[in-house]
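Asker: Input: one structure, supplied below.
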Amino acid sequence: MIKRHPEPLLWVLFSAGGMLSGMLMPALILMFGIAYPLGWVTPPRYEQMAGLMANPIVRLALFGLIALSLFHWAHRFRHTLYDGLQIKHLNEVVAVVSYGAAVVGSGLAAYLLWQVG
């Protein structure tokens with residue numbers, strides 16, 4: 001039996017998360033973190049946001065953005081500790097903790113997005 005290493009899948013999740021985070025997060029941070037609170041743009045009413053969040057495609061897209069961003073963080077964090085700080089003896093522990101946090105965070109995001117709808 002051939003033992004397959006999960007590293008290619010982790011690199012795919014890393015690159016997809018980096019691409020989505022780089023394209024969508026700045027716009028979301030600008031709108032929800034700066035423009036709406038400072039009054040530069042009129043924020044949507046609660047009914048509009050609730051109607052938007054009731055759409056399963058919107059919830060699925062948000063879940064994808066959150067989950068892939070978490071896996072991007074986990075992979076970058078693991079390799080920063082491994083390569084940058086030379087913590088090679090703790091590679092397995094760091095991998096389990098970082099990817100475990102991404103899985104738990106993705107599960108929590110799925111639960112919360114499920115509750116919204």
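A note on labels: chains of the structure tokens are A, B, ... as shown, every chain counts residues from 1, and ligands are counted from 1 in their shown order.
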Please provide the set of residues having any atom within 12 Å of stretch 18-32 of chain A, restricted to only C-alpha atoms, with same-chain residues fewer than 6 positions apart removed, written as a count of residues only.

Answerer: 25

Asker: Neighbouring residues of A:Ala95 were defined as those with any atom within 12 Å, considering only C-alpha atoms; residues of the same chain fewer than 5 positions away were excluded. Please report them as a list in words.

Answerer: Pro6, Glu7, Leu10, Phe71, Trp73, Ala74, His75, Arg76, Phe77, Arg78, His79, Thr80, Leu81, Tyr82, Ile87, Lys88, His89, Leu90, Gly100, Ala101, Ala102 and Val103 of chain A

Asker: Can you spit out the residues from that selection as a PDB file, in the first residue's frame, using N, CA and C atoms?

Answerer:
ATOM      1  N   PRO A   6      -0.061  14.263   3.126  1.00  0.00           N
ATOM      2  CA  PRO A   6      -1.101  15.288   2.933  1.00  0.00           C
ATOM      3  C   PRO A   6      -0.556  16.645   2.485  1.00  0.00           C
ATOM      4  N   GLU A   7       0.736  16.771   2.317  1.00  0.00           N
ATOM      5  CA  GLU A   7       1.327  18.077   2.010  1.00  0.00           C
ATOM      6  C   GLU A   7       0.771  18.723   0.736  1.00  0.00           C
ATOM      7  N   LEU A  10      -2.497  20.308   1.590  1.00  0.00           N
ATOM      8  CA  LEU A  10      -2.305  21.475   2.457  1.00  0.00           C
ATOM      9  C   LEU A  10      -1.819  22.679   1.658  1.00  0.00           C
ATOM     10  N   PHE A  71      -7.125  27.808   7.033  1.00  0.00           N
ATOM     11  CA  PHE A  71      -6.106  26.862   6.588  1.00  0.00           C
ATOM     12  C   PHE A  71      -4.891  27.586   6.012  1.00  0.00           C
ATOM     13  N   TRP A  73      -3.812  30.464   7.162  1.00  0.00           N
ATOM     14  CA  TRP A  73      -3.091  30.866   8.370  1.00  0.00           C
ATOM     15  C   TRP A  73      -2.337  29.684   8.973  1.00  0.00           C
ATOM     16  N   ALA A  74      -2.988  28.534   9.081  1.00  0.00           N
ATOM     17  CA  ALA A  74      -2.367  27.374   9.723  1.00  0.00           C
ATOM     18  C   ALA A  74      -1.105  26.950   8.981  1.00  0.00           C
ATOM     19  N   HIS A  75      -1.169  26.911   7.659  1.00  0.00           N
ATOM     20  CA  HIS A  75      -0.012  26.485   6.879  1.00  0.00           C
ATOM     21  C   HIS A  75       1.125  27.505   6.993  1.00  0.00           C
ATOM     22  N   ARG A  76       0.776  28.780   6.910  1.00  0.00           N
ATOM     23  CA  ARG A  76       1.804  29.824   7.028  1.00  0.00           C
ATOM     24  C   ARG A  76       2.425  29.814   8.427  1.00  0.00           C
ATOM     25  N   PHE A  77       1.604  29.661   9.455  1.00  0.00           N
ATOM     26  CA  PHE A  77       2.096  29.619  10.832  1.00  0.00           C
ATOM     27  C   PHE A  77       3.038  28.437  11.037  1.00  0.00           C
ATOM     28  N   ARG A  78       2.630  27.275  10.546  1.00  0.00           N
ATOM     29  CA  ARG A  78       3.455  26.063  10.698  1.00  0.00           C
ATOM     30  C   ARG A  78       4.801  26.235  10.011  1.00  0.00           C
ATOM     31  N   HIS A  79       4.791  26.717   8.787  1.00  0.00           N
ATOM     32  CA  HIS A  79       6.060  26.855   8.072  1.00  0.00           C
ATOM     33  C   HIS A  79       6.896  28.012   8.590  1.00  0.00           C
ATOM     34  N   THR A  80       6.275  29.033   9.150  1.00  0.00           N
ATOM     35  CA  THR A  80       7.048  30.104   9.777  1.00  0.00           C
ATOM     36  C   THR A  80       7.800  29.576  10.986  1.00  0.00           C
ATOM     37  N   LEU A  81       7.115  28.781  11.806  1.00  0.00           N
ATOM     38  CA  LEU A  81       7.796  28.207  12.968  1.00  0.00           C
ATOM     39  C   LEU A  81       8.853  27.198  12.559  1.00  0.00           C
ATOM     40  N   TYR A  82       8.559  26.415  11.534  1.00  0.00           N
ATOM     41  CA  TYR A  82       9.490  25.371  11.101  1.00  0.00           C
ATOM     42  C   TYR A  82      10.728  25.957  10.435  1.00  0.00           C
ATOM     43  N   ILE A  87      12.138  25.467  14.606  1.00  0.00           N
ATOM     44  CA  ILE A  87      11.549  24.565  15.595  1.00  0.00           C
ATOM     45  C   ILE A  87      11.211  23.248  14.885  1.00  0.00           C
ATOM     46  N   LYS A  88      12.236  22.593  14.380  1.00  0.00           N
ATOM     47  CA  LYS A  88      12.031  21.378  13.609  1.00  0.00           C
ATOM     48  C   LYS A  88      11.642  20.190  14.496  1.00  0.00           C
ATOM     49  N   HIS A  89      12.075  20.192  15.735  1.00  0.00           N
ATOM     50  CA  HIS A  89      11.781  19.067  16.623  1.00  0.00           C
ATOM     51  C   HIS A  89      10.320  19.047  17.074  1.00  0.00           C
ATOM     52  N   LEU A  90       9.606  20.146  16.908  1.00  0.00           N
ATOM     53  CA  LEU A  90       8.194  20.205  17.289  1.00  0.00           C
ATOM     54  C   LEU A  90       7.276  20.253  16.072  1.00  0.00           C
ATOM     55  N   GLY A 100      -5.340  21.673  13.530  1.00  0.00           N
ATOM     56  CA  GLY A 100      -6.479  21.395  14.419  1.00  0.00           C
ATOM     57  C   GLY A 100      -7.264  22.651  14.717  1.00  0.00           C
ATOM     58  N   ALA A 101      -6.561  23.768  14.931  1.00  0.00           N
ATOM     59  CA  ALA A 101      -7.250  25.038  15.163  1.00  0.00           C
ATOM     60  C   ALA A 101      -8.034  25.453  13.922  1.00  0.00           C
ATOM     61  N   ALA A 102      -7.478  25.206  12.738  1.00  0.00           N
ATOM     62  CA  ALA A 102      -8.197  25.535  11.500  1.00  0.00           C
ATOM     63  C   ALA A 102      -9.445  24.675  11.349  1.00  0.00           C
ATOM     64  N   VAL A 103      -9.351  23.401  11.704  1.00  0.00           N
ATOM     65  CA  VAL A 103     -10.516  22.513  11.612  1.00  0.00           C
ATOM     66  C   VAL A 103     -11.578  22.928  12.623  1.00  0.00           C
TER      67      VAL A 103
END

Asker: Please provide as number ranges by chain all residues within 12 Å of A:Met49, with the sequence filter that same-chain residues fewer than 5 positions apart are discarded (counting only C-alpha atoms).

Answerer: A: 43-44, 54-55, 58-59, 116-117

Asker: Any chance you could export the current selection's C-alpha atoms as a PDB file, in the first residue's frame?

Answerer:
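Now in part23.pdb:
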ATOM      1  CA  PRO A  43     -24.970  50.592   6.309  1.00  0.00           C
ATOM      2  CA  PRO A  44     -27.578  48.096   5.170  1.00  0.00           C
ATOM      3  CA  ALA A  54     -30.791  33.524   4.647  1.00  0.00           C
ATOM      4  CA  ASN A  55     -29.444  32.630   1.197  1.00  0.00           C
ATOM      5  CA  VAL A  58     -24.060  33.371   0.648  1.00  0.00           C
ATOM      6  CA  ARG A  59     -23.538  31.241   3.760  1.00  0.00           C
ATOM      7  CA  VAL A 116     -27.992  32.213  11.130  1.00  0.00           C
ATOM      8  CA  GLY A 117     -30.138  30.658   8.402  1.00  0.00           C
TER       9      GLY A 117
END

Asker: Which one is closest to A:Gln115: A:Ile2, A:Leu9, A:Ala50, A:Leu85? Count only C-alpha atoms.

Answerer: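 Looking at the shortest contact to A:Gln115, the residue is A:Ala50.
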
Asker: Separation of atom CA of A:Gly105 and atom CA of A:Tyr36, in Å?

Answerer: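 Distance between the two atoms: 26.2 Å.
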
Asker: For a test of reading the model, state the distance in Å between atom CA of A:Trp114 and atom CA of A:Phe14, rounded to one decimal.

Answerer: 24.6 Å

Asker: Quote the spacing between atom CA of A:Leu108 and atom CA of A:Glu47 in Å to one decimal place.

Answerer: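 We find that atom CA of A:Leu108 and atom CA of A:Glu47 lie 24.2 Å from each other.
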
Asker: Where in stretch 1-63 of chain A does DSSP assign alpha helix (DSSP H), given as JSON, numbers by chain?

Answerer: {"A": [7, 8, 9, 10, 11, 12, 13, 14, 15, 16, 17, 18, 19, 20, 21, 22, 23, 24, 25, 26, 27, 28, 36, 37, 38, 46, 47, 48, 49, 50, 51, 52, 53, 56, 57, 58, 59, 60, 61, 62, 63]}

Asker: Save the residues we just selected, C-alpha atoms, as a PDB file, in the first residue's frame?

Answerer:
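Listing of result_12.pdb after writing:
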ATOM      1  CA  GLU A   7       1.327  18.077   2.010  1.00  0.00           C
ATOM      2  CA  PRO A   8      -0.026  18.667  -1.553  1.00  0.00           C
ATOM      3  CA  LEU A   9      -3.561  19.068  -0.204  1.00  0.00           C
ATOM      4  CA  LEU A  10      -2.305  21.475   2.457  1.00  0.00           C
ATOM      5  CA  TRP A  11      -0.533  23.556  -0.195  1.00  0.00           C
ATOM      6  CA  VAL A  12      -3.751  23.685  -2.255  1.00  0.00           C
ATOM      7  CA  LEU A  13      -5.718  24.892   0.783  1.00  0.00           C
ATOM      8  CA  PHE A  14      -2.949  27.392   1.540  1.00  0.00           C
ATOM      9  CA  SER A  15      -2.948  28.887  -1.946  1.00  0.00           C
ATOM     10  CA  ALA A  16      -6.753  28.958  -2.260  1.00  0.00           C
ATOM     11  CA  GLY A  17      -7.064  30.605   1.144  1.00  0.00           C
ATOM     12  CA  GLY A  18      -4.405  33.170   0.301  1.00  0.00           C
ATOM     13  CA  MET A  19      -6.063  34.043  -2.989  1.00  0.00           C
ATOM     14  CA  LEU A  20      -9.553  34.406  -1.492  1.00  0.00           C
ATOM     15  CA  SER A  21      -8.287  36.286   1.556  1.00  0.00           C
ATOM     16  CA  GLY A  22      -6.246  38.638  -0.573  1.00  0.00           C
ATOM     17  CA  MET A  23      -9.147  39.415  -2.877  1.00  0.00           C
ATOM     18  CA  LEU A  24     -12.144  39.567  -0.523  1.00  0.00           C
ATOM     19  CA  MET A  25     -10.916  40.424   2.977  1.00  0.00           C
ATOM     20  CA  PRO A  26      -9.718  43.969   2.178  1.00  0.00           C
ATOM     21  CA  ALA A  27     -13.132  44.863   0.755  1.00  0.00           C
ATOM     22  CA  LEU A  28     -14.983  43.317   3.708  1.00  0.00           C
ATOM     23  CA  TYR A  36     -19.974  51.664   7.907  1.00  0.00           C
ATOM     24  CA  PRO A  37     -18.771  52.518  11.443  1.00  0.00           C
ATOM     25  CA  LEU A  38     -17.421  55.921  10.380  1.00  0.00           C
ATOM     26  CA  TYR A  46     -30.902  44.536   9.548  1.00  0.00           C
ATOM     27  CA  GLU A  47     -33.655  43.133   7.333  1.00  0.00           C
ATOM     28  CA  GLN A  48     -31.403  43.404   4.279  1.00  0.00           C
ATOM     29  CA  MET A  49     -28.515  41.604   5.980  1.00  0.00           C
ATOM     30  CA  ALA A  50     -30.838  38.956   7.420  1.00  0.00           C
ATOM     31  CA  GLY A  51     -32.293  38.360   3.967  1.00  0.00           C
ATOM     32  CA  LEU A  52     -28.805  38.089   2.513  1.00  0.00           C
ATOM     33  CA  MET A  53     -27.680  35.660   5.206  1.00  0.00           C
ATOM     34  CA  PRO A  56     -27.564  29.308   1.450  1.00  0.00           C
ATOM     35  CA  ILE A  57     -25.164  30.311  -1.340  1.00  0.00           C
ATOM     36  CA  VAL A  58     -24.060  33.371   0.648  1.00  0.00           C
ATOM     37  CA  ARG A  59     -23.538  31.241   3.760  1.00  0.00           C
ATOM     38  CA  LEU A  60     -21.581  28.677   1.745  1.00  0.00           C
ATOM     39  CA  ALA A  61     -19.386  31.412   0.248  1.00  0.00           C
ATOM     40  CA  LEU A  62     -18.724  32.881   3.702  1.00  0.00           C
ATOM     41  CA  PHE A  63     -17.899  29.433   5.034  1.00  0.00           C
TER      42      PHE A  63
END
